[in-house]
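Written below as structure tokens is the structure these notes are about.
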Amino acid sequence: MDYNLLQSQLSGLAEADRWYVPLMANAAALLYDAMEDVNWVGFYLLRGEKLVLGPFQGKVACIHIPLGKGVCGTAAQRDETQLVPDVHAFAGHIACDSASKSEIVVPIHSGGGVVAVLDIDSPILNRFSEADRMGLEGFVRVLEDKLDMRSN
């Protein structure tokens with residue numbers, strides 16, 4: 001994966017509009033198209049004590065995830081990337097798609113706190129590496145720099 005190229009492409013996409021809806025939609029499409037062996041790429045937005053489904057690519061997904069539950073809720077609550085080689089071994093895993101076997105979730109910040117997470121699922125065990133973690137955390141840093149989280 002050329003994460004530097006993806007970061008550059010994301011920066012270019014942000015030039016058209018920094019509002020979170022189109023930027024996250026294009027970011028999800030960019031990653032979904034570039035990454036091999038993934039079956040879901042998208043965002044969950046923090047609203048109160050739960051994460052709410054945002055822009056994504058893939059099959060129909062869970063709409064609400066309580067903060068601290070599942071891989072996404074854990075990443076948001078702990079404010080740390082969760083790299084899970086086998087989701088079925090993760091205590092409290094929420095199975096939105098039974099085909100998913102591994103997952104990586106990266107918190108997204110704005111205004112000094114977590115506002116969303118980037119969630120990527122794979123039907124392959126151990127799909128995500130430390131190189132993916134570093135690359136996706138860099139991708140998210142570009143997103144955080146460009147993102148406009150206002151409601152309109």
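FYI, nothing fancy with the structure tokens labels: chains A, B, ... in order, residues from 1 per chain, ligands from 1 as they appear.
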
ask   = Which residues come within 9 Å of stretch 137-145 of chain A, counting only C-alpha atoms, excluding same-chain residues fewer than 4 positions away, as a PyMOL selection string?
value = chain A and resi 3-4+6-8+10-11+14+23-24+27+81+106-110+118+132-133

Next, the residues of the selection above should be written as an mmCIF file, in the first residue's frame with N, CA, C and O atoms.
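Here's the written file out_17.cif:
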data_model
loop_
_atom_site.group_PDB
_atom_site.id
_atom_site.type_symbol
_atom_site.label_atom_id
_atom_site.label_comp_id
_atom_site.auth_asym_id
_atom_site.auth_seq_id
_atom_site.Cartn_x
_atom_site.Cartn_y
_atom_site.Cartn_z
ATOM 1 N N TYR A 3 0.575 4.498 1.206
ATOM 2 C CA TYR A 3 -0.207 5.403 2.043
ATOM 3 C C TYR A 3 0.133 6.860 1.785
ATOM 4 O O TYR A 3 -0.729 7.730 1.943
ATOM 5 N N ASN A 4 1.362 7.158 1.367
ATOM 6 C CA ASN A 4 1.712 8.536 1.028
ATOM 7 C C ASN A 4 0.884 9.024 -0.155
ATOM 8 O O ASN A 4 0.404 10.160 -0.153
ATOM 9 N N LEU A 6 -2.096 7.847 -1.019
ATOM 10 C CA LEU A 6 -3.472 7.986 -0.538
ATOM 11 C C LEU A 6 -3.660 9.292 0.238
ATOM 12 O O LEU A 6 -4.683 9.965 0.106
ATOM 13 N N GLN A 7 -2.668 9.655 1.029
ATOM 14 C CA GLN A 7 -2.749 10.908 1.794
ATOM 15 C C GLN A 7 -2.767 12.103 0.852
ATOM 16 O O GLN A 7 -3.533 13.050 1.039
ATOM 17 N N SER A 8 -1.954 12.045 -0.197
ATOM 18 C CA SER A 8 -1.926 13.112 -1.191
ATOM 19 C C SER A 8 -3.268 13.212 -1.926
ATOM 20 O O SER A 8 -3.782 14.309 -2.157
ATOM 21 N N LEU A 10 -6.180 12.266 -0.772
ATOM 22 C CA LEU A 10 -7.160 12.786 0.183
ATOM 23 C C LEU A 10 -7.041 14.301 0.302
ATOM 24 O O LEU A 10 -8.062 15.004 0.319
ATOM 25 N N SER A 11 -5.819 14.810 0.353
ATOM 26 C CA SER A 11 -5.618 16.265 0.404
ATOM 27 C C SER A 11 -6.224 16.937 -0.816
ATOM 28 O O SER A 11 -6.865 17.984 -0.709
ATOM 29 N N ALA A 14 -9.955 17.109 -0.557
ATOM 30 C CA ALA A 14 -10.384 18.107 0.424
ATOM 31 C C ALA A 14 -10.409 19.515 -0.168
ATOM 32 O O ALA A 14 -11.112 20.387 0.357
ATOM 33 N N LEU A 23 -16.272 14.668 2.263
ATOM 34 C CA LEU A 23 -14.875 14.285 2.447
ATOM 35 C C LEU A 23 -14.768 12.865 2.987
ATOM 36 O O LEU A 23 -13.963 12.064 2.500
ATOM 37 N N MET A 24 -15.593 12.509 3.965
ATOM 38 C CA MET A 24 -15.576 11.139 4.482
ATOM 39 C C MET A 24 -16.087 10.149 3.436
ATOM 40 O O MET A 24 -15.582 9.031 3.334
ATOM 41 N N ALA A 27 -13.234 9.691 1.106
ATOM 42 C CA ALA A 27 -12.142 8.995 1.802
ATOM 43 C C ALA A 27 -12.451 7.500 1.890
ATOM 44 O O ALA A 27 -11.567 6.666 1.661
ATOM 45 N N THR A 81 -6.052 3.387 18.435
ATOM 46 C CA THR A 81 -6.291 2.479 17.319
ATOM 47 C C THR A 81 -6.431 1.047 17.834
ATOM 48 O O THR A 81 -5.672 0.622 18.700
ATOM 49 N N VAL A 106 -9.507 3.381 13.661
ATOM 50 C CA VAL A 106 -8.645 4.501 14.022
ATOM 51 C C VAL A 106 -9.514 5.677 14.466
ATOM 52 O O VAL A 106 -10.383 6.123 13.708
ATOM 53 N N PRO A 107 -9.300 6.205 15.687
ATOM 54 C CA PRO A 107 -10.053 7.383 16.145
ATOM 55 C C PRO A 107 -9.721 8.625 15.320
ATOM 56 O O PRO A 107 -8.582 8.791 14.850
ATOM 57 N N ILE A 108 -10.706 9.482 15.169
ATOM 58 C CA ILE A 108 -10.574 10.746 14.440
ATOM 59 C C ILE A 108 -10.897 11.878 15.419
ATOM 60 O O ILE A 108 -11.907 11.812 16.128
ATOM 61 N N HIS A 109 -10.053 12.918 15.417
ATOM 62 C CA HIS A 109 -10.177 14.006 16.389
ATOM 63 C C HIS A 109 -10.538 15.326 15.720
ATOM 64 O O HIS A 109 -10.129 15.587 14.598
ATOM 65 N N SER A 110 -11.255 16.143 16.470
ATOM 66 C CA SER A 110 -11.533 17.525 16.086
ATOM 67 C C SER A 110 -11.856 18.270 17.373
ATOM 68 O O SER A 110 -12.509 17.716 18.267
ATOM 69 N N LEU A 118 -12.548 5.745 11.927
ATOM 70 C CA LEU A 118 -12.432 5.080 10.632
ATOM 71 C C LEU A 118 -12.413 3.590 10.923
ATOM 72 O O LEU A 118 -11.612 3.129 11.736
ATOM 73 N N ASP A 132 0.005 -1.104 8.141
ATOM 74 C CA ASP A 132 -1.343 -0.573 7.884
ATOM 75 C C ASP A 132 -1.744 0.398 8.993
ATOM 76 O O ASP A 132 -2.317 1.454 8.730
ATOM 77 N N ARG A 133 -1.461 0.018 10.241
ATOM 78 C CA ARG A 133 -1.801 0.899 11.363
ATOM 79 C C ARG A 133 -1.143 2.267 11.169
ATOM 80 O O ARG A 133 -1.807 3.301 11.251
#

Interface rows for stretch 71-111 of chain A against stretch 38-56 of chain A: nearest pair, Å to one decimal, 8 Å, only C-alpha atoms, as CSV:
residue,atom,partner,partner_atom,distance
A:Cys72,CA,A:Tyr44,CA,7.9
A:Gly73,CA,A:Leu51,CA,7.0
A:Ser100,CA,A:Asn39,CA,7.3

request  = Quick one: everything within 9 Å of A:His88, counting only C-alpha atoms, minus sequence neighbours fewer than 5 positions away in the same chain. Send it as a count of residues only.
outcome  = 4

message = as a PyMOL selection string, please: every residue in stretch 6-138 of chain A that a backbone DSSP assignment puts in helix (DSSP H, G or I).
response = chain A and resi 6-16+20-34+70-78+87-89+130-138

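Across A:Val114, A:Asp37, A:Gln57, A:Val71, the tightest approach to A:Ala25 is made by A:Gln57 when counting only C-alpha atoms.
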
message = If DSSP is run on the backbone, what residues of chain A are strand (DSSP E or B)? A reply as a PyMOL selection string would be ideal.
response = chain A and resi 19+40-47+50-58+64-66+82-84+102-110+113-122+148

key: Shell around A:Leu83 at 8 Å using only C-alpha atoms, local window under 4 positions removed, as a PyMOL selection string   = chain A and resi 103-105+128-129+133

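Among the candidate residues A:Ala89, A:Val84, A:Met1, A:Ile94, the one lying nearest to A:Asn126 is A:Val84, with distances computed using only C-alpha atoms.
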
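Closest approach to A:Leu147 among A:Ala116, A:Asp79, A:Ala99, A:Leu125: A:Ala116, based on only C-alpha atoms.
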
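Of the listed residues (A:Leu136, A:Val60, A:Ala16, A:Met149), A:Leu136 comes nearest to A:Asp119; the distances count only C-alpha atoms.
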